[in-house]
file data25.txt (compact mmCIF, C-alpha atoms)
# COMPACT_ATOMS: atom_id res chain seq x y z
CA MET A 1 0.00 0.00 0.00
CA ALA A 2 2.87 2.39 -0.71
CA VAL A 3 1.61 5.93 -1.12
CA LYS A 4 3.86 8.77 -2.24
CA VAL A 5 3.69 12.11 -0.44
CA ILE A 6 5.13 15.01 -2.44
CA LEU A 7 6.49 17.81 -0.27
CA PRO A 8 6.66 21.46 -1.31
CA SER A 9 10.04 23.17 -1.08
CA PRO A 10 9.35 24.95 2.26
CA LEU A 11 8.71 21.63 4.04
CA ARG A 12 11.65 19.71 2.66
CA PRO A 13 14.20 21.05 5.20
CA TYR A 14 12.08 19.40 7.91
CA ALA A 15 12.07 16.04 6.10
CA GLY A 16 15.74 15.47 5.39
CA HIS A 17 15.53 17.67 2.27
CA GLN A 18 13.56 14.99 0.46
CA ALA A 19 11.15 16.03 -2.31
CA SER A 20 8.90 13.06 -1.58
CA VAL A 21 8.48 10.19 0.85
CA GLU A 22 6.57 6.91 0.66
CA TYR A 23 4.56 5.18 3.33
CA ASP A 24 2.29 2.21 3.65
CA ALA A 25 -1.01 3.89 4.46
CA HIS A 26 -4.70 3.08 4.15
CA THR A 27 -5.94 6.68 4.34
CA VAL A 28 -4.63 10.16 3.65
CA GLY A 29 -4.64 10.76 7.39
CA ASP A 30 -2.52 7.64 7.93
CA ALA A 31 0.08 8.90 5.49
CA LEU A 32 0.18 12.38 7.02
CA GLU A 33 0.46 10.91 10.50
CA ARG A 34 3.37 8.76 9.40
CA LEU A 35 4.96 11.83 7.86
CA THR A 36 4.59 14.02 10.93
CA THR A 37 5.58 11.24 13.31
CA THR A 38 8.74 10.59 11.34
CA TYR A 39 9.51 14.29 10.96
CA GLY A 40 8.13 15.92 14.07
CA ASP A 41 9.38 19.43 13.29
CA LEU A 42 7.16 19.46 10.22
CA LYS A 43 3.92 18.94 12.14
CA LYS A 44 3.37 22.50 13.34
CA HIS A 45 3.50 23.77 9.78
CA LEU A 46 0.73 21.41 8.67
CA TYR A 47 -1.48 21.30 11.75
CA THR A 48 -2.84 23.80 14.24
CA PRO A 49 -2.03 23.18 17.93
CA ASP A 50 -5.44 21.48 18.30
CA GLY A 51 -4.67 19.02 15.53
CA ARG A 52 -6.57 20.39 12.54
CA ILE A 53 -4.95 20.86 9.15
CA ARG A 54 -4.14 24.56 8.88
CA SER A 55 -6.63 26.51 6.81
CA PHE A 56 -4.06 27.50 4.20
CA VAL A 57 -2.73 23.96 3.74
CA ASN A 58 -4.35 22.04 0.89
CA VAL A 59 -3.97 18.30 0.51
CA TYR A 60 -4.62 16.56 -2.79
CA LEU A 61 -4.98 12.87 -3.52
CA ASN A 62 -4.10 12.34 -7.16
CA ASP A 63 -5.01 15.97 -7.94
CA GLU A 64 -8.33 15.84 -6.08
CA ASP A 65 -8.68 18.13 -3.07
CA ILE A 66 -9.43 15.87 -0.08
CA ARG A 67 -11.99 18.46 1.13
CA PHE A 68 -14.18 17.15 -1.68
CA LEU A 69 -13.47 13.52 -0.83
CA LYS A 70 -13.53 12.15 2.71
CA GLN A 71 -10.94 14.57 4.01
CA GLU A 72 -8.31 12.79 6.12
CA GLN A 73 -10.38 9.60 6.09
CA THR A 74 -10.05 9.39 2.30
CA PRO A 75 -8.90 5.85 1.46
CA THR A 76 -5.66 5.36 -0.42
CA LYS A 77 -4.34 2.55 -2.57
CA ALA A 78 -0.92 1.53 -3.74
CA GLY A 79 0.52 3.97 -6.23
CA ASP A 80 -1.53 6.96 -5.09
CA THR A 81 0.12 10.33 -4.76
CA ILE A 82 -0.61 12.86 -2.03
CA THR A 83 0.44 16.44 -2.72
CA ILE A 84 0.64 19.23 -0.15
CA VAL A 85 0.11 22.72 -1.55
CA PRO A 86 -0.25 25.96 0.40
CA SER A 87 -2.59 28.74 -0.51
CA ILE A 88 -1.02 32.10 0.22
CA ALA A 89 -2.78 34.79 2.21
CA GLY A 90 -1.93 37.87 4.18
CA GLY A 91 -2.44 41.56 4.33
CA ALA A 92 -2.06 44.70 6.30
CA ALA A 93 -3.00 44.92 9.95
CA ASP A 94 -5.93 46.78 11.44
CA ALA A 95 -8.59 45.26 9.23
CA SER A 96 -11.31 46.32 11.62
CA ALA A 97 -10.02 49.87 11.76
CA ARG A 98 -9.93 50.02 7.98
CA ALA A 99 -13.43 48.67 7.73
CA ARG A 100 -14.63 51.53 9.92
CA ALA A 101 -12.75 54.14 7.86
CA MET B 1 20.11 37.96 1.99
CA LEU B 2 17.75 38.17 -0.96
CA GLU B 3 19.10 39.39 -4.27
CA LEU B 4 16.57 41.49 -6.19
CA ASN B 5 17.70 43.69 -9.05
CA SER B 6 16.32 47.15 -9.68
CA ASP B 7 14.27 46.07 -12.70
CA LEU B 8 12.40 43.43 -10.70
CA ALA B 9 11.98 45.78 -7.75
CA GLY B 10 10.56 48.35 -10.12
CA ARG B 11 8.11 45.82 -11.53
CA ILE B 12 6.85 45.00 -8.03
CA GLY B 13 6.47 48.72 -7.38
CA ALA B 14 4.58 49.22 -10.63
CA HIS B 15 2.25 46.33 -9.79
CA GLY B 16 1.57 47.83 -6.37
CA ALA B 17 0.79 51.21 -7.89
CA GLN B 18 -1.41 49.71 -10.60
CA ASP B 19 -3.55 47.74 -8.15
CA TYR B 20 -3.76 50.52 -5.52
CA PRO B 21 -5.85 50.89 -3.37
CA HIS B 22 -6.09 47.11 -3.47
CA GLU B 23 -3.32 44.82 -2.40
CA CYS B 24 -1.31 43.32 -5.24
CA CYS B 25 0.40 39.95 -5.04
CA GLY B 26 2.68 37.71 -7.02
CA ALA B 27 5.26 34.96 -6.98
CA LEU B 28 9.04 35.24 -6.70
CA LEU B 29 10.84 32.89 -9.07
CA GLY B 30 14.54 32.35 -8.61
CA LYS B 31 17.31 30.26 -7.19
CA ASP B 32 18.15 29.21 -3.67
CA GLY B 33 21.46 27.57 -2.95
CA ALA B 34 24.73 27.67 -1.12
CA ALA B 35 25.64 30.87 -2.95
CA GLY B 36 22.51 32.58 -1.66
CA ARG B 37 19.00 33.33 -2.76
CA ALA B 38 18.20 35.41 -5.83
CA VAL B 39 14.97 36.48 -7.48
CA ARG B 40 15.27 36.08 -11.26
CA ASP B 41 11.71 36.63 -12.42
CA LEU B 42 8.24 37.50 -11.17
CA LEU B 43 4.81 36.08 -11.79
CA PRO B 44 2.18 38.73 -11.06
CA LEU B 45 -1.02 37.11 -9.81
CA SER B 46 -4.58 38.21 -9.22
CA ASN B 47 -5.63 38.97 -5.67
CA ARG B 48 -8.44 36.44 -5.20
CA ARG B 49 -9.67 38.10 -2.04
CA GLU B 50 -12.79 39.89 -3.29
CA ASP B 51 -14.40 40.82 0.03
CA SER B 52 -11.56 42.96 1.42
CA PRO B 53 -8.86 43.46 -1.23
CA ARG B 54 -7.70 46.74 0.34
CA ASN B 55 -6.18 44.97 3.34
CA ARG B 56 -6.07 41.29 2.43
CA PHE B 57 -4.73 39.20 -0.40
CA SER B 58 -5.24 35.59 -1.33
CA ILE B 59 -3.47 33.31 -3.79
CA THR B 60 -5.31 30.06 -4.37
CA ALA B 61 -3.68 26.64 -4.30
CA GLU B 62 -4.32 26.40 -8.04
CA ASP B 63 -2.42 29.64 -8.58
CA VAL B 64 0.38 28.30 -6.37
CA ARG B 65 0.58 25.17 -8.52
CA ALA B 66 0.60 27.33 -11.65
CA ALA B 67 3.45 29.37 -10.17
CA GLU B 68 5.40 26.18 -9.44
CA ARG B 69 4.90 25.06 -13.05
CA ALA B 70 5.94 28.48 -14.37
CA ALA B 71 9.10 28.38 -12.27
CA GLY B 72 9.95 24.89 -13.49
CA GLU B 73 9.42 25.88 -17.14
CA ARG B 74 11.94 28.69 -16.66
CA GLY B 75 14.47 26.50 -14.86
CA LEU B 76 13.79 28.33 -11.61
CA ASP B 77 12.28 27.59 -8.22
CA LEU B 78 9.30 29.16 -6.49
CA ILE B 79 11.16 30.91 -3.66
CA GLY B 80 8.54 33.25 -2.24
CA TRP B 81 5.84 35.83 -2.63
CA TYR B 82 5.30 39.54 -2.76
CA HIS B 83 2.34 41.65 -1.79
CA SER B 84 1.56 45.28 -1.09
CA HIS B 85 0.24 47.08 1.96
CA PRO B 86 -1.71 50.08 0.62
CA ASP B 87 -1.29 53.07 2.95
CA HIS B 88 0.25 50.82 5.56
CA PRO B 89 3.87 50.13 6.59
CA ALA B 90 5.85 47.37 4.91
CA ARG B 91 5.79 45.23 8.02
CA PRO B 92 4.19 41.80 8.34
CA SER B 93 0.93 41.64 10.19
CA GLU B 94 -0.24 38.96 12.58
CA PHE B 95 -2.47 37.76 9.75
CA ASP B 96 0.60 37.45 7.54
CA ARG B 97 2.36 35.37 10.20
CA GLU B 98 -0.55 33.01 10.76
CA HIS B 99 -0.68 32.19 7.06
CA ALA B 100 3.03 31.80 6.37
CA TRP B 101 5.55 29.00 6.07
CA PRO B 102 9.25 29.17 6.79
CA TRP B 103 11.72 29.05 3.89
CA TYR B 104 9.66 31.27 1.58
CA SER B 105 10.74 34.89 1.22
CA TYR B 106 7.88 37.31 1.77
CA ILE B 107 8.40 40.72 0.17
CA ILE B 108 6.09 43.48 1.39
CA LEU B 109 5.76 46.80 -0.43
CA THR B 110 4.11 49.84 1.04
CA VAL B 111 2.09 51.93 -1.41
CA ALA B 112 1.21 55.34 0.01
CA ALA B 113 -1.49 57.29 -1.83
CA GLY B 114 -0.73 55.24 -4.92
CA VAL B 115 3.03 55.74 -4.82
CA PRO B 116 5.27 52.72 -4.14
CA GLY B 117 7.63 53.24 -1.25
CA GLU B 118 9.44 51.10 1.27
CA MET B 119 10.07 47.46 0.34
CA THR B 120 11.07 44.82 2.86
CA SER B 121 11.54 41.05 2.87
CA TRP B 122 10.84 38.61 5.67
CA ARG B 123 11.30 34.96 6.59
CA LEU B 124 9.17 33.13 9.16
CA THR B 125 11.14 31.49 11.97
CA ASP B 126 11.08 27.70 12.34
CA ASP B 127 8.92 27.90 15.47
CA ARG B 128 6.36 30.10 13.64
CA ALA B 129 6.71 32.70 16.40
CA ARG B 130 7.79 35.67 14.32
CA PHE B 131 9.15 36.99 11.05
CA GLU B 132 12.83 37.88 10.77
CA PRO B 133 13.86 40.62 8.35
CA GLU B 134 15.71 39.37 5.28
CA PRO B 135 18.09 42.00 3.89
CA ILE B 136 17.62 42.76 0.21
CA SER B 137 20.60 43.10 -2.10
CA SER B 138 19.91 45.09 -5.25
CA ALA B 139 22.69 43.35 -7.18
CA ARG B 140 25.75 41.28 -6.63
CA GLY B 141 27.85 42.84 -3.89
CA ALA B 142 25.53 45.81 -3.48
CA ALA B 143 23.71 45.09 -0.26
CA ARG B 144 21.32 47.64 1.10
CA GLU B 145 19.23 47.99 4.15
CA ILE B 146 15.87 46.23 4.15
CA SER B 147 14.10 49.59 3.92
CA SER B 148 14.72 51.24 0.59
CA PRO B 149 12.58 53.15 -1.85
CA VAL B 150 11.43 51.32 -4.93
CA GLY B 151 12.35 52.41 -8.41
CA GLY B 152 14.74 55.08 -7.21
CA THR B 153 18.28 54.36 -6.21
CA LEU B 154 18.17 50.57 -6.09
call {"tool": "encode", "arguments": {"input": "data25.txt", "output": "structure tokens"}}
result
Amino acid sequence: MAVKVILPSPLRPYAGHQASVEYDAHTVGDALERLTTTYGDLKKHLYTPDGRIRSFVNVYLNDEDIRFLKQEQTPTKAGDTITIVPSIAGGAADASARARA
Amino acid sequence: MLELNSDLAGRIGAHGAQDYPHECCGALLGKDGAAGRAVRDLLPLSNRREDSPRNRFSITAEDVRAAERAAGERGLDLIGWYHSHPDHPARPSEFDREHAWPWYSYIILTVAAGVPGEMTSWRLTDDRARFEPEPISSARGAAREISSPVGGTL
């Protein structure tokens, strides 16, 4: 049940500078747990302190966003590829003050 | 240290002025290695944040993937992002920090009354606690302070 997890450049320093890793996993969540157990320093960049995938972190199974599948419970099969892609967000401070202006 | 030549800095400034009073955003394409980090090209992107584009920007995962492909086609890497702060200092906000990853360079440009001004670059620390300033070099061997006007004496 080897599943490949492709890591974006910013996460590779936390995973031995590897571009991808492979794990035996039955779900997307299994694979991500194996990843973050093996490379503990990577976990805080994927998950919030209460264990949810950060809002700007997108996880794809074979190009399908897992939000539209069964999220972390999405089943995997041998040869599947999981890709982690950030969405980028930000902006100036004082949003509430600007809204009042 | 982030190498950014005057032409590229000017293009970021022009993008910020063009999109004012909205925030502009785009991708930094370049090289990162033992010799340092250098921006070689830009990929201007659309701010997908339609509800509050004056103080927020958003780049979708699809746009991120497109930026990665564009970098690869040019023999470059996706090394970071730029965005503007209209009428606001070129300093990262708490919102910026919450939505950042280490390793990427985050360039912020202030645009005051439509005129591009101070440009800074930042890197998130490994513990996600804060941004550290990343000095910008305008060309090989010509380091400058992180706070410099755009399109002027770079």
call {"tool": "closest_residue", "arguments": {"input": "data25.txt", "among": "B:Leu29, B:Pro116, B:Ser105, B:Asp87", "to": "Glu73 of chain B", "atoms": "all atoms listed in the file"}}
result
B:Leu29
call {"tool": "closest_residue", "arguments": {"input": "data25.txt", "among": "B:Arg65, B:Arg91, B:His22, B:Lys31", "to": "Asn47 of chain B", "atoms": "only C-alpha atoms"}}
result
B:His22
call {"tool": "residues_around", "arguments": {"input": "data25.txt", "residues": "Phe131 of chain B", "least_positions_apart": "6", "cutoff": "8 Å", "atoms": "only C-alpha atoms", "output": "list of chain:residue names"}}
result
B:Pro92, B:Arg97, B:Trp122, B:Arg123, B:Leu124, B:Thr125
call {"tool": "closest_atom_pairs", "arguments": {"input": "data25.txt", "of": "chain A", "to": "chain B", "cutoff": "10 Å", "atoms": "all atoms listed in the file", "output": "CSV"}}
result
residue,atom,partner,partner_atom,distance
A:Pro8,CA,B:Glu68,CA,9.5
A:Ser9,CA,B:Trp103,CA,7.9
A:Pro10,CA,B:Trp103,CA,5.0
A:Leu11,CA,B:Trp103,CA,8.0
A:Arg12,CA,B:Trp103,CA,9.4
A:Pro13,CA,B:Trp103,CA,8.5
A:Tyr14,CA,B:Asp126,CA,9.5
A:Asp41,CA,B:Asp126,CA,8.5
A:Leu42,CA,B:Asp126,CA,9.4
A:Lys44,CA,B:Asp127,CA,8.0
A:His45,CA,B:Trp101,CA,6.7
A:Leu46,CA,B:Trp101,CA,9.4
A:Arg54,CA,B:His99,CA,8.6
A:Ser55,CA,B:His99,CA,8.2
A:Phe56,CA,B:His99,CA,6.4
A:Val57,CA,B:Ala61,CA,8.5
A:Asn58,CA,B:Ala61,CA,7.0
A:Val59,CA,B:Ala61,CA,9.6
A:Asp65,CA,B:Ala61,CA,9.9
A:Ile84,CA,B:Ala61,CA,9.5
A:Val85,CA,B:Ala61,CA,6.1
A:Pro86,CA,B:Ala61,CA,5.9
A:Ser87,CA,B:Ala61,CA,4.5
A:Ile88,CA,B:Ile59,CA,4.9
A:Ala89,CA,B:Ser58,CA,4.4
A:Gly90,CA,B:Asp96,CA,4.2
A:Gly91,CA,B:Arg56,CA,4.1
A:Ala92,CA,B:Asn55,CA,5.1
A:Ala93,CA,B:Ser93,CA,5.1
A:Asp94,CA,B:Asn55,CA,8.3
A:Ala95,CA,B:Asn55,CA,6.4
A:Ser96,CA,B:Asn55,CA,9.8
A:Arg98,CA,B:Asn55,CA,7.8
A:Ala99,CA,B:Ser52,CA,8.7
call {"tool": "atom_distance", "arguments": {"input": "data25.txt", "atom1": "atom CA of Arg67 of chain A", "atom2": "atom CA of Thr83 of chain A"}}
result
13.2 Å
call {"tool": "atom_distance", "arguments": {"input": "data25.txt", "atom1": "atom CA of Ala35 of chain B", "atom2": "atom CA of Gly13 of chain B"}}
result
26.6 Å
call {"tool": "residues_around", "arguments": {"input": "data25.txt", "residues": "Thr27 of chain A", "least_positions_apart": "6", "cutoff": "8 Å", "atoms": "only C-alpha atoms", "output": "list in words"}}
result
Glu72, Gln73, Thr74, Pro75 and Thr76 of chain A
call {"tool": "residues_around", "arguments": {"input": "data25.txt", "residues": "Gly79 of chain A", "least_positions_apart": "5", "cutoff": "10 Å", "atoms": "only C-alpha atoms", "output": "ChimeraX atom specification"}}
result
/A:1-4,22,62
call {"tool": "closest_residue", "arguments": {"input": "data25.txt", "among": "B:Thr120, B:Ala71, B:Ala14, B:Gly30", "to": "Glu132 of chain B", "atoms": "only C-alpha atoms"}}
result
B:Thr120
call {"tool": "residues_around", "arguments": {"input": "data25.txt", "residues": "Ala15 of chain A", "least_positions_apart": "3", "cutoff": "10 Å", "atoms": "only C-alpha atoms", "output": "JSON, numbers by chain"}}
result
{"A": [7, 11, 12, 18, 19, 20, 21, 35, 36, 38, 39, 40, 41, 42]}
call {"tool": "atom_distance", "arguments": {"input": "data25.txt", "atom1": "atom CA of Gly16 of chain A", "atom2": "atom CA of Gly72 of chain B"}}
result
21.9 Å
call {"tool": "closest_residue", "arguments": {"input": "data25.txt", "among": "B:Ala67, B:Ile136, B:Ala129, B:Leu76", "to": "Glu3 of chain B", "atoms": "all atoms listed in the file"}}
result
B:Ile136
call {"tool": "decode", "arguments": {"input": "data25.txt", "residues": "segment 41-61 of chain A", "atoms": "C-alpha atoms", "output": "short mmCIF file (atom, residue, chain, number, x, y, z; two decimals), in the first residue's frame"}}
result
data_model
loop_
_atom_site.label_atom_id
_atom_site.label_comp_id
_atom_site.auth_asym_id
_atom_site.auth_seq_id
_atom_site.Cartn_x
_atom_site.Cartn_y
_atom_site.Cartn_z
CA ASP A 41 9.38 19.43 13.29
CA LEU A 42 7.16 19.46 10.22
CA LYS A 43 3.92 18.94 12.14
CA LYS A 44 3.37 22.50 13.34
CA HIS A 45 3.50 23.77 9.78
CA LEU A 46 0.73 21.41 8.67
CA TYR A 47 -1.48 21.30 11.75
CA THR A 48 -2.84 23.80 14.24
CA PRO A 49 -2.03 23.18 17.93
CA ASP A 50 -5.44 21.48 18.30
CA GLY A 51 -4.67 19.02 15.53
CA ARG A 52 -6.57 20.39 12.54
CA ILE A 53 -4.95 20.86 9.15
CA ARG A 54 -4.14 24.56 8.88
CA SER A 55 -6.63 26.51 6.81
CA PHE A 56 -4.06 27.50 4.20
CA VAL A 57 -2.73 23.96 3.74
CA ASN A 58 -4.35 22.04 0.89
CA VAL A 59 -3.97 18.30 0.51
CA TYR A 60 -4.62 16.56 -2.79
CA LEU A 61 -4.98 12.87 -3.52
#
